[in-house]
>>> print(open('coords.txt').read())   # compact mmCIF, C-alpha atoms
# COMPACT_ATOMS: atom_id res chain seq x y z
CA MET A 1 0.00 0.00 0.00
CA TYR A 2 1.19 3.48 -0.82
CA ARG A 3 1.91 5.47 2.33
CA LEU A 4 2.70 9.18 2.03
CA ARG A 5 5.71 10.34 3.95
CA LYS A 6 4.50 12.71 6.65
CA SER A 7 7.75 14.57 7.11
CA VAL A 8 10.87 15.63 5.32
CA GLY A 9 14.45 15.88 6.45
CA SER A 10 15.17 12.19 5.93
CA ALA A 11 18.62 11.17 4.76
CA ALA A 12 17.04 8.92 2.16
CA VAL A 13 17.47 9.58 -1.55
CA GLY A 14 14.92 12.10 -2.74
CA CYS A 15 14.85 14.17 0.48
CA ALA A 16 13.50 17.55 -0.50
CA LEU A 17 13.98 19.73 2.58
CA CYS A 18 16.23 19.25 5.57
CA VAL A 19 14.74 21.64 8.09
CA GLY A 20 15.33 19.67 11.24
CA THR A 21 11.64 19.64 12.15
CA VAL A 22 8.60 17.69 11.07
CA VAL A 23 6.97 19.35 8.06
CA PRO A 24 3.67 18.00 6.72
CA LEU A 25 3.57 17.08 3.06
CA ALA A 26 0.59 19.39 2.70
CA LEU A 27 2.89 22.34 3.41
CA SER A 28 2.04 25.31 1.19
CA SER A 29 4.45 25.36 -1.70
CA THR A 30 4.96 29.08 -1.06
CA THR A 31 7.38 28.04 1.66
CA ALA A 32 8.66 25.01 -0.17
CA HIS A 33 10.48 26.72 -3.03
CA ALA A 34 12.04 30.05 -3.85
CA GLY A 35 9.79 31.03 -6.77
CA VAL A 36 6.18 32.20 -6.37
CA PRO A 37 3.60 32.37 -9.18
CA SER A 38 2.58 35.93 -9.98
CA ALA A 39 -1.18 35.34 -10.15
CA GLU A 40 -3.11 35.03 -6.91
CA ALA A 41 -5.44 32.51 -8.52
CA THR A 42 -2.52 30.32 -9.53
CA GLN A 43 -1.12 30.42 -6.02
CA HIS A 44 -4.53 29.33 -4.73
CA THR A 45 -4.47 26.41 -7.17
CA VAL A 46 -0.96 25.45 -6.12
CA ASP A 47 -1.83 25.60 -2.43
CA GLY A 48 -4.87 23.41 -3.01
CA LEU A 49 -2.81 20.80 -4.85
CA ALA A 50 -0.21 20.81 -2.10
CA ALA A 51 -2.87 20.48 0.60
CA SER A 52 -4.45 17.52 -1.18
CA GLY A 53 -1.10 15.69 -1.46
CA VAL A 54 -0.63 16.07 -5.21
CA PHE A 55 2.54 18.13 -4.69
CA ARG A 56 5.29 17.49 -2.18
CA PRO A 57 7.73 20.20 -1.05
CA SER A 58 10.53 20.94 -3.47
CA GLU A 59 14.06 21.95 -2.76
CA PRO A 60 14.84 25.68 -3.26
CA ASP A 61 16.99 26.71 -6.20
CA ASP A 62 19.17 29.80 -6.59
CA GLY A 63 17.97 30.36 -10.16
CA THR A 64 21.46 31.15 -11.47
CA GLY A 65 22.09 28.11 -13.67
CA PRO A 66 21.95 27.99 -17.48
CA ASP A 67 18.47 28.19 -18.98
CA TRP A 68 17.99 25.11 -21.15
CA LEU A 69 14.21 25.28 -20.91
CA SER A 70 13.75 28.75 -22.42
CA THR A 71 16.18 27.84 -25.16
CA ALA A 72 13.92 24.89 -25.90
CA ILE A 73 10.40 26.33 -25.63
CA GLY A 74 11.14 29.81 -27.01
CA ALA A 75 8.64 32.62 -26.52
CA HIS A 76 5.61 32.07 -24.27
CA ASN A 77 2.91 34.13 -22.62
CA GLY A 78 3.09 34.85 -18.91
CA ASP A 79 4.98 33.07 -16.17
CA VAL A 80 6.04 29.46 -16.58
CA LEU A 81 5.44 26.90 -13.85
CA ILE A 82 7.27 23.58 -13.76
CA VAL A 83 5.48 20.42 -12.61
CA VAL A 84 7.92 17.54 -12.24
CA THR A 85 7.17 13.83 -12.00
CA PRO A 86 10.39 12.19 -10.72
CA GLY A 87 11.76 8.84 -11.78
CA THR A 88 12.07 5.71 -9.69
CA ASP A 89 13.68 6.58 -6.32
CA ASP A 90 14.97 9.65 -8.15
CA GLY A 91 18.35 10.65 -6.74
CA THR A 92 19.22 12.73 -9.82
CA LEU A 93 16.08 14.90 -9.68
CA TYR A 94 17.54 18.28 -8.76
CA PRO A 95 20.70 18.17 -10.86
CA ARG A 96 18.54 17.13 -13.81
CA ILE A 97 15.95 19.93 -13.50
CA ARG A 98 18.43 22.67 -12.63
CA ASP A 99 18.54 23.87 -16.25
CA PHE A 100 14.72 24.16 -16.17
CA ARG A 101 14.64 26.42 -13.10
CA ALA A 102 16.83 29.34 -14.20
CA GLY A 103 15.35 32.64 -13.06
CA ASP A 104 13.89 30.91 -10.02
CA ARG A 105 10.90 29.42 -11.83
CA PRO A 106 8.26 28.01 -9.48
CA THR A 107 8.72 24.24 -9.42
CA TYR A 108 6.37 21.63 -7.98
CA ILE A 109 7.04 17.94 -7.46
CA ILE A 110 4.37 15.28 -8.02
CA ASP A 111 4.16 13.08 -4.94
CA TYR A 112 3.94 9.37 -5.72
CA PRO A 113 5.69 6.15 -4.56
CA GLU A 114 8.56 6.13 -7.13
CA ALA A 115 8.69 2.37 -6.53
CA ILE A 116 9.22 -0.86 -8.43
CA GLY A 117 8.13 -3.57 -6.03
CA PRO A 118 9.54 -6.05 -5.17
CA ILE A 119 12.88 -4.44 -6.17
CA ILE A 120 12.83 -0.78 -5.10
CA SER A 121 10.80 0.79 -2.29
CA GLY A 122 11.33 4.36 -3.51
CA ARG A 123 9.23 6.85 -1.54
CA SER A 124 6.45 4.36 -0.82
CA GLY A 125 7.35 4.05 2.84
CA ALA A 126 7.50 0.25 2.55
CA SER A 127 9.88 -1.32 5.04
CA LEU A 128 11.07 -3.78 2.40
CA PRO A 129 10.83 -3.64 -1.41
CA ILE A 130 8.63 -6.74 -1.46
CA PHE A 131 5.92 -4.66 0.24
CA ALA A 132 6.26 -1.73 -2.16
CA PRO A 133 3.80 -1.02 -4.99
CA SER A 134 4.61 -2.61 -8.33
CA TYR A 135 5.83 -0.49 -11.23
CA ASP A 136 2.33 -0.22 -12.68
CA GLU A 137 0.74 0.58 -9.33
CA SER A 138 3.31 3.28 -8.61
CA ARG A 139 3.05 4.73 -12.13
CA ASP A 140 -0.73 4.81 -12.04
CA ILE A 141 -0.69 6.87 -8.83
CA ALA A 142 1.54 9.36 -10.65
CA VAL A 143 -0.89 9.35 -13.60
CA ALA A 144 -3.77 10.24 -11.27
CA GLN A 145 -1.74 12.98 -9.57
CA ASN A 146 -0.85 14.56 -12.91
CA LEU A 147 -4.47 14.47 -14.03
CA LYS A 148 -5.49 16.33 -10.88
CA ALA A 149 -2.85 19.00 -11.52
CA MET A 150 -3.81 19.38 -15.19
CA HIS A 151 -7.49 19.73 -14.30
CA ALA A 152 -6.80 22.22 -11.50
CA PHE A 153 -4.71 24.54 -13.68
CA ALA A 154 -7.17 24.27 -16.60
CA THR A 155 -10.18 25.24 -14.47
CA GLN A 156 -8.79 27.83 -12.05
CA GLN A 157 -10.28 31.30 -11.74
CA GLY A 158 -8.72 33.96 -13.91
CA GLU A 159 -6.06 33.41 -16.54
CA ASN A 160 -4.49 29.97 -16.66
CA PRO A 161 -0.71 29.82 -16.21
CA THR A 162 1.69 28.36 -18.73
CA VAL A 163 2.68 24.98 -17.32
CA VAL A 164 5.55 22.75 -18.39
CA TYR A 165 4.87 19.21 -17.21
CA THR A 166 8.00 17.09 -17.21
CA GLY A 167 8.72 13.54 -16.12
CA PHE A 168 11.73 11.23 -16.06
CA SER A 169 11.80 7.47 -16.69
CA GLN A 170 8.87 5.96 -14.72
CA GLY A 171 7.67 9.53 -14.26
CA ALA A 172 7.88 10.13 -18.01
CA GLU A 173 5.69 7.13 -18.72
CA ALA A 174 3.21 8.30 -16.07
CA LEU A 175 3.12 11.85 -17.43
CA GLY A 176 2.77 10.67 -21.03
CA ASN A 177 -0.08 8.35 -20.08
CA ALA A 178 -1.77 11.17 -18.12
CA ALA A 179 -1.47 13.51 -21.10
CA GLU A 180 -3.12 10.92 -23.35
CA GLN A 181 -5.99 10.48 -20.90
CA ALA A 182 -6.41 14.24 -20.43
CA VAL A 183 -6.61 14.86 -24.18
CA ALA A 184 -9.09 11.99 -24.61
CA ASN A 185 -11.35 13.51 -21.92
CA ASN A 186 -10.92 17.16 -22.89
CA ALA A 187 -14.09 17.78 -24.93
CA ASP A 188 -15.08 20.64 -22.61
CA GLY A 189 -11.50 21.89 -22.11
CA THR A 190 -11.43 21.13 -18.39
CA ALA A 191 -9.00 18.20 -18.39
CA ILE A 192 -6.00 20.19 -19.66
CA ASP A 193 -5.38 23.61 -21.19
CA VAL A 194 -3.78 22.47 -24.46
CA ASP A 195 -2.91 26.03 -25.50
CA LYS A 196 -0.90 26.75 -22.33
CA SER A 197 0.63 23.36 -21.56
CA TYR A 198 3.84 21.67 -22.65
CA VAL A 199 4.72 18.03 -21.97
CA LEU A 200 8.40 17.23 -21.73
CA LEU A 201 9.23 13.51 -21.44
CA ILE A 202 12.78 12.70 -20.38
CA SER A 203 13.91 9.11 -21.04
CA ASP A 204 10.42 7.75 -21.70
CA PRO A 205 10.37 3.92 -21.63
CA ARG A 206 7.65 4.17 -24.29
CA SER A 207 9.72 6.20 -26.76
CA PRO A 208 9.72 4.79 -30.32
CA TRP A 209 13.18 3.35 -29.63
CA GLY A 210 12.68 2.53 -25.95
CA LEU A 211 12.64 -0.54 -23.76
CA LYS A 212 8.88 -1.03 -24.00
CA ALA A 213 8.85 -0.67 -27.78
CA TRP A 214 11.43 -3.44 -27.97
CA ALA A 215 9.71 -5.64 -25.36
CA ALA A 216 6.42 -5.49 -27.26
CA ASP A 217 8.10 -7.46 -30.07
CA HIS A 218 9.53 -10.09 -27.70
CA ALA A 219 6.76 -12.07 -26.05
CA ALA A 220 9.00 -13.80 -23.50
CA VAL A 221 10.41 -10.49 -22.27
CA ALA A 222 6.96 -8.91 -22.18
CA GLY A 223 5.67 -11.84 -20.12
CA LEU A 224 8.56 -11.54 -17.68
CA MET A 225 7.92 -7.81 -17.26
CA GLU A 226 4.26 -8.43 -16.56
CA MET A 227 5.18 -11.02 -13.91
CA PHE A 228 6.95 -8.18 -12.10
CA GLY A 229 4.02 -5.83 -12.41
CA ALA A 230 5.05 -3.85 -15.49
CA GLU A 231 2.65 -4.07 -18.42
CA SER A 232 4.01 -4.46 -21.93
CA ASN A 233 2.24 -1.46 -23.47
CA GLY A 234 4.68 -0.78 -26.31
CA ALA A 235 5.64 2.53 -27.90
CA ARG A 236 3.59 5.65 -27.27
CA ASP A 237 1.18 6.65 -30.05
CA PRO A 238 1.68 10.37 -30.82
CA LYS A 239 -1.87 10.60 -32.16
CA ALA A 240 -3.18 10.03 -28.62
CA THR A 241 -2.04 13.49 -27.48
CA GLY A 242 -3.44 15.29 -30.52
CA ASP A 243 -2.36 18.94 -30.77
CA LEU A 244 -0.88 19.03 -27.27
CA PRO A 245 2.81 19.90 -27.70
CA VAL A 246 4.91 16.97 -26.50
CA THR A 247 8.69 16.69 -26.58
CA SER A 248 10.55 13.46 -25.87
CA VAL A 249 14.23 13.81 -24.94
CA ILE A 250 16.51 10.83 -25.60
CA VAL A 251 20.23 10.32 -25.05
CA VAL A 252 21.76 7.77 -27.41
CA GLY A 253 22.81 4.68 -25.46
CA ASP A 254 20.29 5.12 -22.62
CA PRO A 255 18.55 1.73 -22.73
CA VAL A 256 15.32 3.03 -21.21
CA ALA A 257 14.65 5.34 -24.16
CA ASN A 258 17.09 3.89 -26.73
CA PHE A 259 17.31 0.15 -26.09
CA GLN A 260 20.23 -1.54 -27.82
CA TRP A 261 19.58 -4.98 -29.26
CA VAL A 262 21.13 -7.09 -31.99
CA TRP A 263 19.39 -10.46 -32.13
CA ASN A 264 22.56 -12.50 -32.75
CA ARG A 265 24.58 -10.65 -30.12
CA PRO A 266 22.38 -10.80 -27.00
CA VAL A 267 25.21 -10.79 -24.45
CA SER A 268 27.01 -7.86 -26.09
CA SER A 269 23.73 -5.97 -26.41
CA LEU A 270 22.88 -6.41 -22.75
CA LEU A 271 26.43 -5.43 -21.74
CA VAL A 272 26.12 -2.15 -23.67
CA ASP A 273 22.64 -1.57 -22.23
CA ALA A 274 23.96 -2.09 -18.69
CA ALA A 275 26.81 0.35 -19.33
CA GLY A 276 24.36 2.89 -20.76
CA PHE A 277 22.03 2.52 -17.82
CA LEU A 278 24.82 3.17 -15.32
CA THR A 279 26.54 6.02 -17.12
CA VAL A 280 23.66 7.79 -18.88
CA HIS A 281 20.36 6.94 -17.21
CA THR A 282 21.48 6.99 -13.58
CA GLY A 283 23.61 10.09 -14.10
CA LEU A 284 26.95 8.57 -13.09
CA GLY A 285 28.64 9.32 -16.41
CA GLU A 286 29.92 12.65 -17.70
CA GLN A 287 27.08 13.21 -20.16
CA ASN A 288 23.58 12.39 -19.02
CA TYR A 289 20.17 14.00 -18.69
CA GLY A 290 21.47 16.42 -16.06
CA ASN A 291 23.72 18.43 -18.38
CA LEU A 292 22.01 18.54 -21.76
CA ILE A 293 22.90 22.19 -22.21
CA ASP A 294 26.60 21.31 -22.00
CA TYR A 295 26.55 18.78 -24.84
CA SER A 296 29.08 19.62 -27.54
CA GLN A 297 26.48 19.42 -30.31
CA GLU A 298 22.81 20.26 -30.56
CA PRO A 299 20.39 17.35 -30.74
CA THR A 300 19.00 15.71 -33.83
CA VAL A 301 15.35 16.75 -34.19
CA LEU A 302 12.74 14.26 -35.38
CA HIS A 303 8.98 14.62 -35.41
CA SER A 304 6.02 12.28 -35.29
CA ALA A 305 4.16 11.91 -38.57
CA ASP A 306 0.90 12.10 -36.58
CA GLY A 307 0.10 14.18 -33.55
CA ASN A 308 2.45 16.88 -32.26
CA THR A 309 5.49 15.15 -30.74
CA THR A 310 9.06 16.28 -31.26
CA TYR A 311 11.97 13.96 -30.46
CA LEU A 312 15.26 15.54 -29.37
CA VAL A 313 18.07 13.00 -29.71
CA TYR A 314 21.31 13.91 -27.90
CA THR A 315 24.54 12.08 -28.74
CA PRO A 316 27.13 11.82 -25.92
CA LYS A 317 30.81 12.18 -26.70
CA HIS A 318 31.66 8.63 -25.72
CA HIS A 319 30.37 5.09 -26.23
CA PRO A 320 28.66 3.69 -23.08
CA LEU A 321 31.44 1.12 -22.62
CA THR A 322 34.01 3.93 -22.78
CA ALA A 323 32.02 6.00 -20.31
CA LEU A 324 31.90 2.99 -18.00
CA ALA A 325 35.67 2.51 -18.28
CA VAL A 326 36.19 6.19 -17.45
CA LEU A 327 33.87 5.85 -14.45
CA ILE A 328 35.56 2.71 -13.11
CA ASN A 329 39.09 4.00 -13.58
CA THR A 330 38.20 7.29 -11.94
CA ARG A 331 36.59 5.58 -8.94
CA LEU A 332 39.59 3.25 -8.55
CA GLY A 333 42.13 6.02 -8.97
CA ILE A 334 43.70 4.44 -12.04
CA PRO A 335 45.32 7.14 -14.21
CA PHE A 336 44.33 7.58 -17.86
CA ASP A 337 44.54 10.36 -20.42
CA ASP A 338 42.69 11.62 -23.48
CA ASP A 339 44.60 9.27 -25.74
CA ASP A 340 43.40 6.31 -23.68
CA VAL A 341 39.80 7.49 -23.93
CA ALA A 342 40.10 7.99 -27.69
CA ARG A 343 41.51 4.47 -28.05
CA TRP A 344 38.72 2.98 -25.93
CA ASP A 345 36.13 4.77 -28.06
CA SER A 346 37.69 3.47 -31.26
CA VAL A 347 37.64 -0.10 -29.97
CA ASN A 348 34.13 0.08 -28.50
CA ASN A 349 32.56 1.74 -31.55
CA ALA A 350 34.04 -1.01 -33.71
CA PHE A 351 32.96 -3.71 -31.25
CA TYR A 352 29.35 -2.51 -30.95
CA PRO A 353 28.15 0.39 -33.12
CA LEU A 354 25.25 2.05 -31.33
CA GLN A 355 21.81 2.02 -32.94
CA ALA A 356 20.88 5.68 -32.69
CA PRO A 357 17.20 6.68 -32.93
CA GLY A 358 16.21 7.48 -36.49
CA VAL A 359 13.40 7.33 -39.00
CA GLN A 360 14.18 3.80 -40.16
CA ASN A 361 14.20 2.07 -36.78
CA ALA A 362 11.30 3.85 -35.02
CA ALA A 363 8.34 1.89 -33.70
CA VAL A 364 5.96 4.65 -34.86
CA ASP A 365 5.96 6.72 -38.04
CA VAL A 366 8.62 9.41 -37.55
CA VAL A 367 9.86 12.03 -39.99
CA ASP A 368 13.11 13.98 -40.23
CA PRO A 369 12.39 17.70 -40.83
CA THR A 370 15.76 18.06 -42.55
CA ALA A 371 15.18 15.30 -45.11
CA ALA A 372 12.48 13.87 -47.34
CA ARG A 373 10.02 11.60 -45.54
CA THR A 374 10.96 7.93 -45.58
CA ALA A 375 8.66 5.15 -44.44
CA PRO A 376 10.01 2.88 -41.66
CA THR A 377 11.42 -0.40 -42.93
CA ASP A 378 13.25 -1.92 -39.97
CA LYS A 379 11.59 -3.30 -36.87
CA PRO A 380 12.55 -1.61 -33.58
CA GLY A 381 15.69 -3.12 -32.15
CA SER A 382 16.92 -4.54 -35.44
CA VAL A 383 20.38 -3.80 -36.74
CA SER A 384 20.34 -0.28 -38.14
CA GLY A 385 22.73 1.76 -40.21
CA ALA A 386 21.99 4.70 -37.93
CA ALA A 387 25.00 4.25 -35.68
CA VAL A 388 26.24 7.21 -33.69
CA ALA A 389 29.00 7.89 -36.20
CA ASN A 390 26.38 8.19 -38.94
CA THR A 391 23.80 10.26 -37.07
CA PRO A 392 22.26 12.89 -39.43
CA THR A 393 23.31 16.49 -39.09
CA PRO A 394 21.14 17.80 -36.24
CA ALA A 395 18.53 20.48 -36.66
CA PRO A 396 18.13 23.16 -33.94
CA ALA A 397 16.33 21.94 -30.83
CA ALA A 398 12.88 23.20 -29.91
CA LEU A 399 9.91 21.95 -27.96
CA SER A 400 7.00 21.33 -30.27
CA THR A 401 4.20 23.88 -30.22
CA ASN A 402 0.53 23.68 -31.06
CA THR A 403 1.27 25.32 -34.42
CA ASP A 404 2.69 23.57 -37.45
CA TRP A 405 5.82 21.77 -36.30
CA SER A 406 8.05 22.85 -39.16
CA ASN A 407 7.22 26.49 -38.46
CA SER A 408 8.02 26.01 -34.77
CA ILE A 409 11.52 24.85 -35.62
CA SER A 410 12.18 27.74 -38.00
CA ASN A 411 10.74 30.26 -35.54
CA PHE A 412 12.95 28.91 -32.79
CA SER A 413 16.00 29.26 -35.03
CA SER A 414 15.12 32.91 -35.62
CA ASP A 415 14.71 33.52 -31.88
CA ARG A 416 18.24 32.34 -31.20
CA LYS A 417 19.90 34.71 -33.70
>>> encode(input="coords.txt", output="structure tokens")
Amino acid sequence: MYRLRKSVGSAAVGCALCVGTVVPLALSSTTAHAGVPSAEATQHTVDGLAASGVFRPSEPDDGTGPDWLSTAIGAHNGDVLIVVTPGTDDGTLYPRIRDFRAGDRPTYIIDYPEAIGPIISGRSGASLPIFAPSYDESRDIAVAQNLKAMHAFATQQGENPTVVYTGFSQGAEALGNAAEQAVANNADGTAIDVDKSYVLLISDPRSPWGLKAWAADHAAVAGLMEMFGAESNGARDPKATGDLPVTSVIVVGDPVANFQWVWNRPVSSLLVDAAGFLTVHTGLGEQNYGNLIDYSQEPTVLHSADGNTTYLVYTPKHHPLTALAVLINTRLGIPFDDDDVARWDSVNNAFYPLQAPGVQNAAVDVVDPTAARTAPTDKPGSVSGAAVANTPTPAPAALSTNTDWSNSISNFSSDRK
């Protein structure tokens, strides 16, 4: 059973405030973060969501970091609020969203178990992981919490705020599922304000190149997942979110959003996936979802053929096996230099060329705005010519908008000049 934590200040991963006293989770978010929404009506909405347990207190931010989010979404009307759905037992939450919070943007954290029972207790309060909610149970609580937030902001008195909803990993699946449900139930416009909402999915397991897209084509794996309480629901259908602007951010080599699999090299594939999980997904490597603004090149931009989803594909400097070698040698104090790293990359790229997300290997119909449309021919997870070394020249990054997607990219390029 999901049990809300009644206080903060714990030393556990995910602690939001260390105040030395018991603070109820229903604490007004006015005292839980540094930024405050400008509209009184919005503050009333926020306080109501905090009081009902939808939001938990968030850690203050100094607002002085680089502003990746504004670079991505471009011009917008009014203040921007950030609603974050963390990942499983999310220890990388605040480093990852730092580039969203520049200028001290008000930031609110969805409160849910963040668990994968019987493996990870997360924030469920379970004494042992075997008593924690399953992945699906935990995710579905996050779905319900997001739906409450979307409804509250869409129906508040006065002007609705601009809200960026973002989720990571399990939280990304939950947010994406909530967005689909909100759009499906939005005939009267009360489920979500499509015109003033953005959905930003970070490492979505249901990306067109993700773990769940691959598992859907492998019955044995899908069955094993379901035994552990994780449904095999395949890749996300962009049509399900209609005109709602959705952006899915993927780092090449992160197995959650870019699962690596070559059918005749299962051991090698799983080894690369494990290395990518440790160095990219968990944030232990140099380039991960916590420092996207520092990547040496802008992402490749792809777009769904249906709906309004943009895919931003970031390519790290090093192969996951190289990143793992760097991590291990650093932790063990073994000296190495740039020449060593270059040699490791050469060997690892030859040993296992990464299958970067592209048009040809997507589980849904995806188009490249920089090239003529090509229909998918390869099944997800099959050997692809789209290795990292052959990734197309990237287009400028931009969150999709509820206007024509090609115009949104060109408008964003003009904004940056």
>>> closest_residue(input="coords.txt", among="A:Ala72, A:Leu147, A:Ala41, A:Ala191", to="A:Ile110", atoms="all atoms listed in the file")
A:Leu147
>>> atom_distance(input="coords.txt", atom1="atom CA of A:Thr322", atom2="atom CA of A:Ser203")
20.8 Å
>>> atom_distance(input="coords.txt", atom1="atom CA of A:Trp209", atom2="atom CA of A:Asn361")
7.3 Å
>>> residues_around(input="coords.txt", residues="A:Gln181", least_positions_apart="3", cutoff="9 Å", atoms="all atoms listed in the file", output="list of chain:residue names")
A:Val143, A:Leu147, A:Gly176, A:Asn177, A:Ala178, A:Ala184, A:Asn185, A:Asn186, A:Ala191, A:Ala240, A:Thr241
>>> closest_residue(input="coords.txt", among="A:Leu244, A:Asn291, A:Gly210, A:Ala182", to="A:Tyr94", atoms="all atoms listed in the file")
A:Asn291
>>> residues_around(input="coords.txt", residues="A:Leu200", least_positions_apart="2", cutoff="7 Å", atoms="only C-alpha atoms", output="PyMOL selection string")
chain A and resi 165-167+198+202+246-248
>>> atom_distance(input="coords.txt", atom1="atom CA of A:Tyr314", atom2="atom CA of A:Gln297")
7.9 Å
>>> closest_residue(input="coords.txt", among="A:Thr64, A:Ser346, A:Gln156, A:Ser124", to="A:Ala102", atoms="all atoms listed in the file")
A:Thr64
>>> residues_around(input="coords.txt", residues="A:Pro129", least_positions_apart="3", cutoff="7 Å", atoms="only C-alpha atoms", output="list in words")
Gly117, Pro118, Ile119, Ile120, Ser121, Ala126 and Ala132 of chain A
>>> closest_residue(input="coords.txt", among="A:Met150, A:Ile250, A:Ile116, A:Leu224", to="A:Tyr135", atoms="only C-alpha atoms")
A:Ile116
>>> residues_near_point(input="coords.txt", point="(18.9, 26.4, -13.5)", cutoff="7 Å", atoms="all atoms listed in the file", output="count of residues only")
10
>>> closest_residue(input="coords.txt", among="A:Lys212, A:Arg236, A:Asp136, A:Leu354", to="A:Gln260", atoms="only C-alpha atoms")
A:Leu354
>>> residues_around(input="coords.txt", residues="A:Thr107", least_positions_apart="2", cutoff="7 Å", atoms="only C-alpha atoms", output="JSON, numbers by chain")
{"A": [81, 82, 83, 105, 109]}
>>> closest_residue(input="coords.txt", among="A:Val272, A:Ala362, A:Lys317, A:Pro133", to="A:Ala230", atoms="only C-alpha atoms")
A:Pro133
>>> residues_near_point(input="coords.txt", point="(7.8, 11.6, -34.0)", cutoff="9 Å", atoms="only C-alpha atoms", output="VMD selection string")
chain A and resid 208 238 248 302 to 311 359 362 364 to 368
>>> residues_around(input="coords.txt", residues="A:Val54", least_positions_apart="4", cutoff="12 Å", atoms="all atoms listed in the file", output="count of residues only")
33
